[in-house]
file coords-v7.cif (mmCIF, C-alpha atoms)
data_entry
#
loop_
_atom_site.group_PDB
_atom_site.id
_atom_site.type_symbol
_atom_site.label_atom_id
_atom_site.label_comp_id
_atom_site.auth_asym_id
_atom_site.auth_seq_id
_atom_site.Cartn_x
_atom_site.Cartn_y
_atom_site.Cartn_z
ATOM 1 C CA MET A 1 1.330 -9.109 -25.509
ATOM 2 C CA ASN A 2 1.363 -5.833 -23.592
ATOM 3 C CA ARG A 3 -0.629 -7.303 -20.668
ATOM 4 C CA ARG A 4 1.593 -10.368 -20.678
ATOM 5 C CA PHE A 5 4.656 -8.112 -20.516
ATOM 6 C CA VAL A 6 3.112 -6.146 -17.621
ATOM 7 C CA ARG A 7 2.399 -9.352 -15.751
ATOM 8 C CA LEU A 8 5.900 -10.742 -16.285
ATOM 9 C CA THR A 9 7.505 -7.471 -15.258
ATOM 10 C CA ARG A 10 5.474 -7.147 -12.056
ATOM 11 C CA THR A 11 5.950 -10.826 -11.222
ATOM 12 C CA ALA A 12 9.697 -10.375 -11.569
ATOM 13 C CA ARG A 13 9.633 -7.410 -9.197
ATOM 14 C CA VAL A 14 7.728 -9.439 -6.580
ATOM 15 C CA TRP A 15 10.187 -12.307 -6.995
ATOM 16 C CA ARG A 16 13.157 -9.973 -6.576
ATOM 17 C CA LEU A 17 11.550 -8.381 -3.508
ATOM 18 C CA THR A 18 10.929 -11.708 -1.780
ATOM 19 C CA ALA A 19 14.295 -13.138 -2.852
ATOM 20 C CA ARG A 20 16.136 -10.032 -1.675
ATOM 21 C CA ASN A 21 14.505 -10.192 1.725
ATOM 22 C CA GLY A 22 14.982 -13.939 1.875
ATOM 23 C CA VAL A 23 18.737 -13.443 1.498
ATOM 24 C CA ARG A 24 18.603 -10.637 4.057
ATOM 25 C CA TYR A 25 16.800 -12.995 6.473
ATOM 26 C CA VAL A 26 19.438 -15.734 6.071
ATOM 27 C CA TRP A 27 22.227 -13.217 6.701
ATOM 28 C CA HIS A 28 20.329 -11.860 9.703
ATOM 29 C CA ARG A 29 19.919 -15.316 11.214
ATOM 30 C CA ALA A 30 23.618 -16.069 10.725
ATOM 31 C CA ARG A 31 24.612 -12.820 12.455
ATOM 32 C CA ARG A 32 22.143 -13.494 15.237
ATOM 33 C CA LEU A 33 23.557 -16.978 15.917
ATOM 34 C CA ALA A 34 27.051 -15.509 16.141
ATOM 35 C CA THR A 35 25.934 -12.767 18.551
ATOM 36 C CA ARG A 36 25.818 -13.005 22.320
ATOM 37 C CA GLY A 37 23.540 -11.047 24.594
ATOM 38 C CA HIS A 38 19.800 -10.483 24.441
ATOM 39 C CA GLU A 39 20.097 -6.728 23.943
ATOM 40 C CA ARG A 40 22.388 -7.040 20.922
ATOM 41 C CA LYS A 41 20.144 -9.709 19.389
ATOM 42 C CA ALA A 42 17.118 -7.464 19.914
ATOM 43 C CA GLU A 43 18.968 -4.639 18.134
ATOM 44 C CA LEU A 44 19.695 -6.931 15.183
ATOM 45 C CA ASP A 45 16.038 -8.014 15.051
ATOM 46 C CA GLN A 46 14.838 -4.414 14.992
ATOM 47 C CA SER A 47 17.344 -3.451 12.307
ATOM 48 C CA PHE A 48 16.280 -6.400 10.137
ATOM 49 C CA ALA A 49 12.576 -5.602 10.549
ATOM 50 C CA LEU A 50 13.123 -1.923 9.715
ATOM 51 C CA ARG A 51 15.212 -2.566 6.588
ATOM 52 C CA THR A 52 12.741 -5.180 5.353
ATOM 53 C CA SER A 53 9.741 -2.907 5.970
ATOM 54 C CA GLU A 54 11.412 0.041 4.234
ATOM 55 C CA ASP A 55 12.217 -2.169 1.243
ATOM 56 C CA VAL A 56 8.618 -3.437 0.998
ATOM 57 C CA ALA A 57 7.141 0.053 1.361
ATOM 58 C CA ARG A 58 9.472 1.552 -1.269
ATOM 59 C CA GLU A 59 8.952 -1.227 -3.824
ATOM 60 C CA LEU A 60 5.191 -1.654 -3.471
ATOM 61 C CA GLY A 61 4.573 2.078 -3.200
ATOM 62 C CA ASN A 62 6.107 2.569 -6.624
ATOM 63 C CA MET A 63 4.253 -0.385 -8.147
ATOM 64 C CA LYS A 64 0.728 0.804 -7.211
ATOM 65 C CA GLY A 65 -2.219 -1.479 -8.033
ATOM 66 C CA ALA A 66 -3.019 -4.693 -6.210
ATOM 67 C CA LEU A 67 0.510 -5.127 -4.902
ATOM 68 C CA MET A 68 0.410 -1.807 -3.088
ATOM 69 C CA LYS A 69 -3.010 -2.766 -1.731
ATOM 70 C CA PHE A 70 -1.500 -5.915 -0.252
ATOM 71 C CA GLY A 71 1.299 -3.801 1.193
ATOM 72 C CA GLN A 72 -1.304 -1.622 2.898
ATOM 73 C CA LEU A 73 -2.854 -4.786 4.305
ATOM 74 C CA LEU A 74 0.495 -5.865 5.726
ATOM 75 C CA SER A 75 0.965 -2.418 7.240
ATOM 76 C CA PHE A 76 -1.875 -2.850 9.718
ATOM 77 C CA ILE A 77 -1.945 -6.616 10.403
ATOM 78 C CA MET A 78 1.728 -6.910 11.419
ATOM 79 C CA GLU A 79 1.375 -5.496 14.919
ATOM 80 C CA ALA A 80 4.314 -7.563 16.194
ATOM 81 C CA LEU A 81 6.807 -5.430 14.257
ATOM 82 C CA PRO A 82 8.869 -2.764 16.058
ATOM 83 C CA ASP A 83 7.440 0.761 15.969
ATOM 84 C CA ASP A 84 9.951 2.039 13.376
ATOM 85 C CA ALA A 85 9.168 -0.865 11.045
ATOM 86 C CA GLN A 86 5.419 -0.309 11.412
ATOM 87 C CA ARG A 87 5.907 3.376 10.614
ATOM 88 C CA ALA A 88 7.861 2.465 7.482
ATOM 89 C CA LEU A 89 5.064 0.226 6.228
ATOM 90 C CA SER A 90 2.387 2.720 7.229
ATOM 91 C CA ALA A 91 3.759 5.112 4.586
ATOM 92 C CA LEU A 92 1.826 2.931 2.117
ATOM 93 C CA GLN A 93 -1.416 4.114 3.715
ATOM 94 C CA ALA A 94 -1.176 7.671 2.414
ATOM 95 C CA ASP A 95 2.244 8.626 1.084
ATOM 96 C CA ALA A 96 2.697 6.694 -2.160
ATOM 97 C CA PRO A 97 4.612 8.454 -4.955
ATOM 98 C CA PRO A 98 2.026 10.447 -6.989
ATOM 99 C CA MET A 99 1.618 10.520 -10.759
ATOM 100 C CA ALA A 100 2.651 13.584 -12.741
ATOM 101 C CA PRO A 101 0.116 16.456 -12.673
ATOM 102 C CA GLU A 102 -0.275 16.226 -16.457
ATOM 103 C CA ALA A 103 -1.277 12.555 -16.220
ATOM 104 C CA ALA A 104 -3.995 13.283 -13.659
ATOM 105 C CA GLU A 105 -5.276 16.207 -15.721
ATOM 106 C CA ALA A 106 -5.472 14.016 -18.827
ATOM 107 C CA VAL A 107 -7.676 11.507 -16.976
ATOM 108 C CA VAL A 108 -10.019 14.312 -15.822
ATOM 109 C CA ARG A 109 -10.215 15.618 -19.394
ATOM 110 C CA GLN A 110 -11.062 12.163 -20.764
ATOM 111 C CA GLU A 111 -13.654 11.390 -18.094
ATOM 112 C CA LEU A 112 -15.342 14.776 -17.568
ATOM 113 C CA GLY A 113 -14.936 16.245 -21.044
ATOM 114 C CA ALA A 114 -12.696 19.207 -20.183
ATOM 115 C CA PRO A 115 -9.422 19.916 -18.331
ATOM 116 C CA PRO A 116 -9.752 20.364 -14.567
ATOM 117 C CA GLU A 117 -9.180 24.130 -14.704
ATOM 118 C CA LYS A 118 -12.306 24.335 -16.888
ATOM 119 C CA VAL A 119 -14.379 21.846 -14.906
ATOM 120 C CA PHE A 120 -13.560 23.365 -11.513
ATOM 121 C CA LEU A 121 -13.303 26.920 -10.250
ATOM 122 C CA ASP A 122 -10.048 25.987 -8.528
ATOM 123 C CA TRP A 123 -7.837 22.900 -8.953
ATOM 124 C CA GLU A 124 -4.735 22.012 -6.945
ATOM 125 C CA ARG A 125 -2.265 20.202 -9.208
ATOM 126 C CA THR A 126 -0.351 18.670 -6.302
ATOM 127 C CA PRO A 127 -2.340 15.785 -4.791
ATOM 128 C CA VAL A 128 -3.084 15.708 -1.083
ATOM 129 C CA ALA A 129 -2.938 11.898 -0.997
ATOM 130 C CA ALA A 130 -1.785 9.105 -3.282
ATOM 131 C CA ALA A 131 -2.821 5.484 -2.806
ATOM 132 C CA SER A 132 -2.911 2.146 -4.625
ATOM 133 C CA VAL A 133 -5.412 2.878 -7.417
ATOM 134 C CA GLY A 134 -5.643 6.671 -7.561
ATOM 135 C CA GLN A 135 -4.712 9.962 -5.968
ATOM 136 C CA VAL A 136 -6.771 12.769 -4.454
ATOM 137 C CA HIS A 137 -6.731 16.437 -5.467
ATOM 138 C CA ARG A 138 -8.333 19.330 -3.644
ATOM 139 C CA ALA A 139 -10.699 21.433 -5.793
ATOM 140 C CA VAL A 140 -13.540 23.951 -5.666
ATOM 141 C CA THR A 141 -16.631 23.538 -7.837
ATOM 142 C CA ARG A 142 -18.060 26.336 -9.985
ATOM 143 C CA ASP A 143 -20.764 26.910 -7.374
ATOM 144 C CA GLY A 144 -18.175 27.303 -4.598
ATOM 145 C CA ARG A 145 -18.178 23.892 -2.875
ATOM 146 C CA ARG A 146 -14.875 22.449 -1.642
ATOM 147 C CA VAL A 147 -14.430 18.912 -2.918
ATOM 148 C CA ALA A 148 -11.983 16.009 -3.007
ATOM 149 C CA VAL A 149 -11.370 14.614 -6.490
ATOM 150 C CA LYS A 150 -9.976 11.085 -6.728
ATOM 151 C CA VAL A 151 -8.308 10.404 -10.087
ATOM 152 C CA GLN A 152 -7.347 6.891 -11.178
ATOM 153 C CA TYR A 153 -3.799 6.205 -12.337
ATOM 154 C CA PRO A 154 -3.541 5.629 -16.111
ATOM 155 C CA GLY A 155 -2.782 1.971 -16.802
ATOM 156 C CA VAL A 156 -3.507 0.805 -13.274
ATOM 157 C CA GLY A 157 -6.255 -1.456 -14.613
ATOM 158 C CA ASP A 158 -3.748 -3.498 -16.608
ATOM 159 C CA ALA A 159 -1.438 -3.625 -13.596
ATOM 160 C CA ILE A 160 -4.207 -4.884 -11.309
ATOM 161 C CA GLU A 161 -5.359 -7.485 -13.831
ATOM 162 C CA ALA A 162 -1.771 -8.701 -14.102
ATOM 163 C CA ASP A 163 -1.415 -8.861 -10.312
ATOM 164 C CA LEU A 164 -4.713 -10.644 -9.746
ATOM 165 C CA ALA A 165 -3.944 -13.182 -12.462
ATOM 166 C CA ASN A 166 -0.698 -14.001 -10.681
ATOM 167 C CA ALA A 167 -2.118 -15.699 -7.602
ATOM 168 C CA GLU A 168 1.112 -17.554 -6.836
ATOM 169 C CA GLY A 169 3.041 -14.305 -6.738
ATOM 170 C CA LEU A 170 0.543 -12.831 -4.288
ATOM 171 C CA TYR A 171 0.653 -15.935 -2.096
ATOM 172 C CA ARG A 172 4.444 -15.621 -2.054
ATOM 173 C CA LEU A 173 4.377 -11.926 -1.209
ATOM 174 C CA VAL A 174 1.876 -12.127 1.649
ATOM 175 C CA GLY A 175 3.278 -15.405 2.945
ATOM 176 C CA ALA A 176 6.785 -13.964 3.143
ATOM 177 C CA PHE A 177 5.793 -11.117 5.450
ATOM 178 C CA ALA A 178 2.502 -12.050 7.135
ATOM 179 C CA LEU A 179 2.047 -13.394 10.627
ATOM 180 C CA LYS A 180 2.504 -17.100 11.244
ATOM 181 C CA GLY A 181 -0.803 -18.933 11.308
ATOM 182 C CA LEU A 182 -2.514 -16.477 8.940
ATOM 183 C CA ASP A 183 -4.419 -18.246 6.154
ATOM 184 C CA THR A 184 -2.730 -16.290 3.391
ATOM 185 C CA LYS A 185 -4.375 -18.274 0.589
ATOM 186 C CA ALA A 186 -7.913 -17.509 1.788
ATOM 187 C CA LEU A 187 -6.972 -13.874 2.370
ATOM 188 C CA VAL A 188 -5.449 -13.457 -1.084
ATOM 189 C CA ASP A 189 -8.325 -15.252 -2.822
ATOM 190 C CA GLU A 190 -10.939 -13.062 -1.140
ATOM 191 C CA LEU A 191 -9.127 -9.850 -2.022
ATOM 192 C CA ARG A 192 -8.612 -11.045 -5.594
ATOM 193 C CA ALA A 193 -12.375 -11.531 -5.849
ATOM 194 C CA ARG A 194 -13.065 -7.991 -4.648
ATOM 195 C CA MET A 195 -10.308 -5.821 -6.099
ATOM 196 C CA GLY A 196 -11.580 -5.678 -9.659
ATOM 197 C CA ASP A 197 -14.469 -3.563 -8.355
ATOM 198 C CA GLU A 198 -12.057 -0.783 -7.412
ATOM 199 C CA LEU A 199 -11.384 0.045 -11.052
ATOM 200 C CA ASP A 200 -14.877 1.454 -11.605
ATOM 201 C CA TYR A 201 -15.402 4.546 -9.485
ATOM 202 C CA ARG A 202 -19.096 4.482 -10.347
ATOM 203 C CA LEU A 203 -19.363 1.385 -8.158
ATOM 204 C CA GLU A 204 -17.557 3.197 -5.344
ATOM 205 C CA ALA A 205 -19.944 6.143 -5.711
ATOM 206 C CA ALA A 206 -22.868 3.733 -5.331
ATOM 207 C CA ASN A 207 -21.207 2.178 -2.267
ATOM 208 C CA LEU A 208 -20.734 5.612 -0.716
ATOM 209 C CA ARG A 209 -24.394 6.476 -1.208
ATOM 210 C CA GLU A 210 -25.435 3.134 0.276
ATOM 211 C CA PHE A 211 -23.281 3.543 3.395
ATOM 212 C CA ALA A 212 -24.272 7.210 3.744
ATOM 213 C CA THR A 213 -27.927 6.161 3.806
ATOM 214 C CA ALA A 214 -27.217 3.427 6.360
ATOM 215 C CA PHE A 215 -25.427 5.888 8.683
ATOM 216 C CA ALA A 216 -27.544 8.979 8.067
ATOM 217 C CA GLY A 217 -27.912 10.982 11.258
ATOM 218 C CA HIS A 218 -25.281 9.032 13.187
ATOM 219 C CA PRO A 219 -23.807 11.253 15.933
ATOM 220 C CA PHE A 220 -20.118 10.512 15.306
ATOM 221 C CA VAL A 221 -19.748 8.436 12.102
ATOM 222 C CA HIS A 222 -19.550 10.458 8.904
ATOM 223 C CA ILE A 223 -19.589 9.328 5.254
ATOM 224 C CA PRO A 224 -18.696 11.912 2.552
ATOM 225 C CA VAL A 225 -21.415 13.017 0.107
ATOM 226 C CA VAL A 226 -20.842 12.083 -3.540
ATOM 227 C CA ASP A 227 -20.777 14.840 -6.171
ATOM 228 C CA THR A 228 -22.416 12.933 -9.023
ATOM 229 C CA ALA A 229 -22.013 15.735 -11.575
ATOM 230 C CA HIS A 230 -18.216 15.575 -11.272
ATOM 231 C CA SER A 231 -17.835 11.795 -11.073
ATOM 232 C CA ALA A 232 -17.313 9.158 -13.758
ATOM 233 C CA HIS A 233 -15.636 5.798 -14.417
ATOM 234 C CA ARG A 234 -12.141 6.952 -13.363
ATOM 235 C CA VAL A 235 -12.926 10.153 -11.459
ATOM 236 C CA LEU A 236 -14.781 10.299 -8.139
ATOM 237 C CA THR A 237 -15.653 13.604 -6.500
ATOM 238 C CA THR A 238 -16.972 13.936 -2.952
ATOM 239 C CA GLU A 239 -17.365 16.713 -0.432
ATOM 240 C CA TRP A 240 -14.103 17.856 1.141
ATOM 241 C CA VAL A 241 -13.747 16.636 4.726
ATOM 242 C CA GLU A 242 -11.503 18.362 7.224
ATOM 243 C CA GLY A 243 -9.694 16.196 9.717
ATOM 244 C CA ILE A 244 -6.357 14.799 10.788
ATOM 245 C CA GLY A 245 -4.717 11.472 10.070
ATOM 246 C CA PHE A 246 -4.417 8.511 12.393
ATOM 247 C CA ALA A 247 -0.833 9.119 13.540
ATOM 248 C CA GLU A 248 -1.470 12.780 14.345
ATOM 249 C CA PHE A 249 -4.691 11.951 16.169
ATOM 250 C CA GLN A 250 -3.041 9.163 18.127
ATOM 251 C CA ALA A 251 -0.242 11.495 19.231
ATOM 252 C CA ALA A 252 -2.387 14.480 20.226
ATOM 253 C CA ALA A 253 -5.865 13.251 21.185
ATOM 254 C CA THR A 254 -7.155 13.147 24.735
ATOM 255 C CA PRO A 255 -8.082 9.776 26.262
ATOM 256 C CA ALA A 256 -11.763 10.708 25.935
ATOM 257 C CA ALA A 257 -11.333 11.510 22.226
ATOM 258 C CA LYS A 258 -9.508 8.220 21.666
ATOM 259 C CA ARG A 259 -12.298 6.295 23.366
ATOM 260 C CA ARG A 260 -14.880 8.030 21.203
ATOM 261 C CA ALA A 261 -12.870 7.336 18.036
ATOM 262 C CA GLY A 262 -12.504 3.686 18.995
ATOM 263 C CA GLU A 263 -16.222 3.439 19.607
ATOM 264 C CA SER A 264 -16.882 5.155 16.264
ATOM 265 C CA ILE A 265 -14.760 2.645 14.349
ATOM 266 C CA TRP A 266 -16.217 -0.318 16.236
ATOM 267 C CA ARG A 267 -19.809 0.824 15.740
ATOM 268 C CA PHE A 268 -19.204 1.559 12.070
ATOM 269 C CA ALA A 269 -17.842 -1.924 11.371
ATOM 270 C CA GLN A 270 -20.321 -3.808 13.541
ATOM 271 C CA HIS A 271 -23.372 -1.876 12.344
ATOM 272 C CA ALA A 272 -22.367 -2.402 8.718
ATOM 273 C CA VAL A 273 -21.850 -6.140 9.133
ATOM 274 C CA HIS A 274 -24.692 -7.097 11.472
ATOM 275 C CA LEU A 275 -27.415 -4.685 10.370
ATOM 276 C CA HIS A 276 -26.485 -3.875 6.809
ATOM 277 C CA GLY A 277 -24.822 -7.100 5.623
ATOM 278 C CA ALA A 278 -21.833 -5.240 4.183
ATOM 279 C CA PHE A 279 -18.288 -4.428 5.178
ATOM 280 C CA ASN A 280 -15.811 -1.846 3.925
ATOM 281 C CA GLY A 281 -12.982 -4.174 2.974
ATOM 282 C CA ASP A 282 -10.247 -1.529 3.085
ATOM 283 C CA PRO A 283 -10.258 -0.434 6.741
ATOM 284 C CA HIS A 284 -6.638 0.649 7.162
ATOM 285 C CA PRO A 285 -6.020 3.846 9.193
ATOM 286 C CA GLY A 286 -5.132 5.852 6.089
ATOM 287 C CA ASN A 287 -8.833 5.784 5.204
ATOM 288 C CA TYR A 288 -9.926 7.511 8.425
ATOM 289 C CA ARG A 289 -10.074 11.231 9.181
ATOM 290 C CA PHE A 290 -10.476 12.345 12.788
ATOM 291 C CA THR A 291 -11.757 15.462 14.503
ATOM 292 C CA ALA A 292 -10.141 16.600 17.750
ATOM 293 C CA ASP A 293 -13.039 15.175 19.789
ATOM 294 C CA GLY A 294 -12.940 11.718 18.146
ATOM 295 C CA GLU A 295 -15.541 11.897 15.370
ATOM 296 C CA VAL A 296 -14.435 9.763 12.425
ATOM 297 C CA THR A 297 -15.020 10.190 8.700
ATOM 298 C CA PHE A 298 -14.630 6.998 6.689
ATOM 299 C CA LEU A 299 -13.127 7.211 3.211
ATOM 300 C CA ASP A 300 -12.563 4.852 0.267
ATOM 301 C CA PHE A 301 -15.419 2.449 -0.408
ATOM 302 C CA GLY A 302 -14.087 0.841 -3.543
ATOM 303 C CA LEU A 303 -13.612 -2.527 -1.842
ATOM 304 C CA VAL A 304 -16.875 -3.668 -0.238
ATOM 305 C CA LYS A 305 -17.812 -7.184 0.839
ATOM 306 C CA ARG A 306 -21.493 -8.108 1.001
ATOM 307 C CA TRP A 307 -22.993 -11.204 2.565
ATOM 308 C CA SER A 308 -25.793 -13.085 0.894
ATOM 309 C CA ALA A 309 -28.723 -14.399 2.910
ATOM 310 C CA GLY A 310 -27.490 -17.017 5.378
ATOM 311 C CA GLU A 311 -23.795 -16.560 4.537
ATOM 312 C CA TRP A 312 -22.987 -14.593 7.688
ATOM 313 C CA GLN A 313 -24.799 -17.133 9.861
ATOM 314 C CA GLU A 314 -22.491 -19.865 8.542
ATOM 315 C CA LEU A 315 -19.520 -17.998 10.019
ATOM 316 C CA LEU A 316 -20.975 -17.858 13.528
ATOM 317 C CA PRO A 317 -19.606 -20.340 16.121
#

call {"tool": "encode", "arguments": {"input": "coords-v7.cif", "output": "structure tokens"}}
result
Amino acid sequence: MNRRFVRLTRTARVWRLTARNGVRYVWHRARRLATRGHERKAELDQSFALRTSEDVARELGNMKGALMKFGQLLSFIMEALPDDAQRALSALQADAPPMAPEAAEAVVRQELGAPPEKVFLDWERTPVAAASVGQVHRAVTRDGRRVAVKVQYPGVGDAIEADLANAEGLYRLVGAFALKGLDTKALVDELRARMGDELDYRLEAANLREFATAFAGHPFVHIPVVDTAHSAHRVLTTEWVEGIGFAEFQAAATPAAKRRAGESIWRFAQHAVHLHGAFNGDPHPGNYRFTADGEVTFLDFGLVKRWSAGEWQELLP
């Protein structure tokens, strides 16, 4: 009954979101038809895109789970949106509302057997990032290592199961905002098949080790090292990685650094697919950390797609 209630509640929120923006779109089109002049129509288009993007980011950011994950997807495939609208959606990449400190500490206690102030030498209660399935806290281990501790939101498993069971709601959500011509059904079905893996951080730890081995010694692609002793089903601890986010890097980096970063991302994806038969299925910019000279650290390996023998060859032209 509880899971059914969760599903109905989240389905209703998706319906209200799409209906609300559907009404907004009809009103926008009516205003646009009654308006003369290309500049004024362009202003109306930008205002509509911004208000819609802000609404999607606010609603999905608070819902967490699979719906926020789909919002993150929209945030980096909708390149045709105005800059302000893209920035509004990009908030889903790193700035979701966090859970209360006490909730995160309870998960650490349940998973690691003691509260974080006992497990770690130092624990920052305020998270440095909050995403769709969990949030990240900065900490220092008892032997003095700086680490990033990802803690899963309590109850997010039920929310994700409810979202993934509601395929029609996901089709409606992505279809309402995605680019024309995008096969939303295939996209949703593939992500539904993969997202359940994100609930077990032990699988992500294994993925991290696998990718770290594949890219060991690479000159400008870095994968964080897993801290196995401080990781469990709903807690994942890795080395702390310094770096700046995508927007800051894009604004401040030199052309040479941007070229190197672009090459890093391209080589990471292509090497993984063609030589390793795997792909990090969550490649939005919020999962990258950049150095000033363009070296990239890749984060979040909970959503990984692997190709079986011959499967990749079937996709080739």

call {"tool": "resolve_selection", "arguments": {"input": "coords-v7.cif", "expression": "the PyMOL selection byres ((chain A and resi 143-146) around 10)", "output": "MDAnalysis selection string"}}
result
chainID A and resid 120:122 138:142 147:149 227 238:241

call {"tool": "residues_around", "arguments": {"input": "coords-v7.cif", "residues": "Asn280 of chain A", "least_positions_apart": "4", "cutoff": "8 Å", "atoms": "only C-alpha atoms", "output": "VMD selection string"}}
result
chain A and resid 269 301 303 to 305

call {"tool": "atom_distance", "arguments": {"input": "coords-v7.cif", "atom1": "atom CA of Arg289 of chain A", "atom2": "atom CA of Val225 of chain A"}}
result
14.6 Å

call {"tool": "atom_distance", "arguments": {"input": "coords-v7.cif", "atom1": "atom CA of Leu203 of chain A", "atom2": "atom CA of Val226 of chain A"}}
result
11.7 Å

call {"tool": "atom_distance", "arguments": {"input": "coords-v7.cif", "atom1": "atom CA of Val133 of chain A", "atom2": "atom CA of Ile160 of chain A"}}
result
8.8 Å

call {"tool": "resolve_selection", "arguments": {"input": "coords-v7.cif", "expression": "the PyMOL selection byres ((chain A and resi 205-210) around 12)", "output": "PyMOL selection string"}}
result
chain A and resi 150+197-204+211-216+222-239+272+276-281+297-306

call {"tool": "closest_residue", "arguments": {"input": "coords-v7.cif", "among": "A:Gly286, A:Gly113, A:Pro98, A:Pro154", "to": "Val136 of chain A", "atoms": "all atoms listed in the file"}}
result
A:Pro98

call {"tool": "closest_residue", "arguments": {"input": "coords-v7.cif", "among": "A:Glu248, A:Glu263, A:Glu102, A:Asp282", "to": "Val151 of chain A", "atoms": "all atoms listed in the file"}}
result
A:Glu102

call {"tool": "closest_residue", "arguments": {"input": "coords-v7.cif", "among": "A:Arg40, A:Gly262, A:Glu242, A:Ser308", "to": "Thr291 of chain A", "atoms": "only C-alpha atoms"}}
result
A:Glu242

call {"tool": "residues_around", "arguments": {"input": "coords-v7.cif", "residues": "Pro101 of chain A", "least_positions_apart": "2", "cutoff": "8 Å", "atoms": "all atoms listed in the file", "output": "number ranges by chain"}}
result
A: 99, 103-105, 125-126

call {"tool": "closest_residue", "arguments": {"input": "coords-v7.cif", "among": "A:Val108, A:Leu33, A:Gly294, A:Tyr153", "to": "Ser132 of chain A", "atoms": "all atoms listed in the file"}}
result
A:Tyr153

call {"tool": "build_atoms", "arguments": {"input": "coords-v7.cif", "residues": "segment 108-124 of chain A", "atoms": "N, CA and C atoms", "output": "CSV table (one decimal), keeping the file's coordinate frame"}}
result
chain,number,residue,atom,x,y,z
A,108,VAL,N,-8.8,13.5,-16.0
A,108,VAL,CA,-10.0,14.3,-15.8
A,108,VAL,C,-10.6,14.8,-17.1
A,109,ARG,N,-9.7,15.2,-18.1
A,109,ARG,CA,-10.2,15.6,-19.4
A,109,ARG,C,-11.0,14.5,-20.1
A,110,GLN,N,-10.4,13.3,-20.1
A,110,GLN,CA,-11.1,12.2,-20.8
A,110,GLN,C,-12.4,11.8,-20.1
A,111,GLU,N,-12.5,11.9,-18.8
A,111,GLU,CA,-13.7,11.4,-18.1
A,111,GLU,C,-14.7,12.5,-18.0
A,112,LEU,N,-14.4,13.7,-17.8
A,112,LEU,CA,-15.3,14.8,-17.6
A,112,LEU,C,-15.5,15.7,-18.8
A,113,GLY,N,-14.7,15.5,-19.8
A,113,GLY,CA,-14.9,16.2,-21.0
A,113,GLY,C,-14.2,17.6,-21.2
A,114,ALA,N,-13.4,17.9,-20.1
A,114,ALA,CA,-12.7,19.2,-20.2
A,114,ALA,C,-11.6,19.1,-19.2
A,115,PRO,N,-10.5,19.9,-19.3
A,115,PRO,CA,-9.4,19.9,-18.3
A,115,PRO,C,-9.9,20.4,-17.0
A,116,PRO,N,-9.2,20.0,-15.9
A,116,PRO,CA,-9.8,20.4,-14.6
A,116,PRO,C,-9.9,21.9,-14.3
A,117,GLU,N,-9.0,22.7,-14.9
A,117,GLU,CA,-9.2,24.1,-14.7
A,117,GLU,C,-10.4,24.7,-15.4
A,118,LYS,N,-11.0,23.9,-16.3
A,118,LYS,CA,-12.3,24.3,-16.9
A,118,LYS,C,-13.5,23.7,-16.1
A,119,VAL,N,-13.3,22.5,-15.6
A,119,VAL,CA,-14.4,21.8,-14.9
A,119,VAL,C,-14.6,22.5,-13.5
A,120,PHE,N,-13.5,22.9,-12.9
A,120,PHE,CA,-13.6,23.4,-11.5
A,120,PHE,C,-13.2,24.8,-11.5
A,121,LEU,N,-13.7,25.5,-10.5
A,121,LEU,CA,-13.3,26.9,-10.2
A,121,LEU,C,-11.8,27.0,-9.8
A,122,ASP,N,-11.4,26.0,-9.0
A,122,ASP,CA,-10.0,26.0,-8.5
A,122,ASP,C,-9.6,24.5,-8.5
A,123,TRP,N,-8.4,24.3,-8.9
A,123,TRP,CA,-7.8,22.9,-9.0
A,123,TRP,C,-6.4,22.9,-8.5
A,124,GLU,N,-6.1,22.1,-7.4
A,124,GLU,CA,-4.7,22.0,-6.9
A,124,GLU,C,-4.0,20.9,-7.7
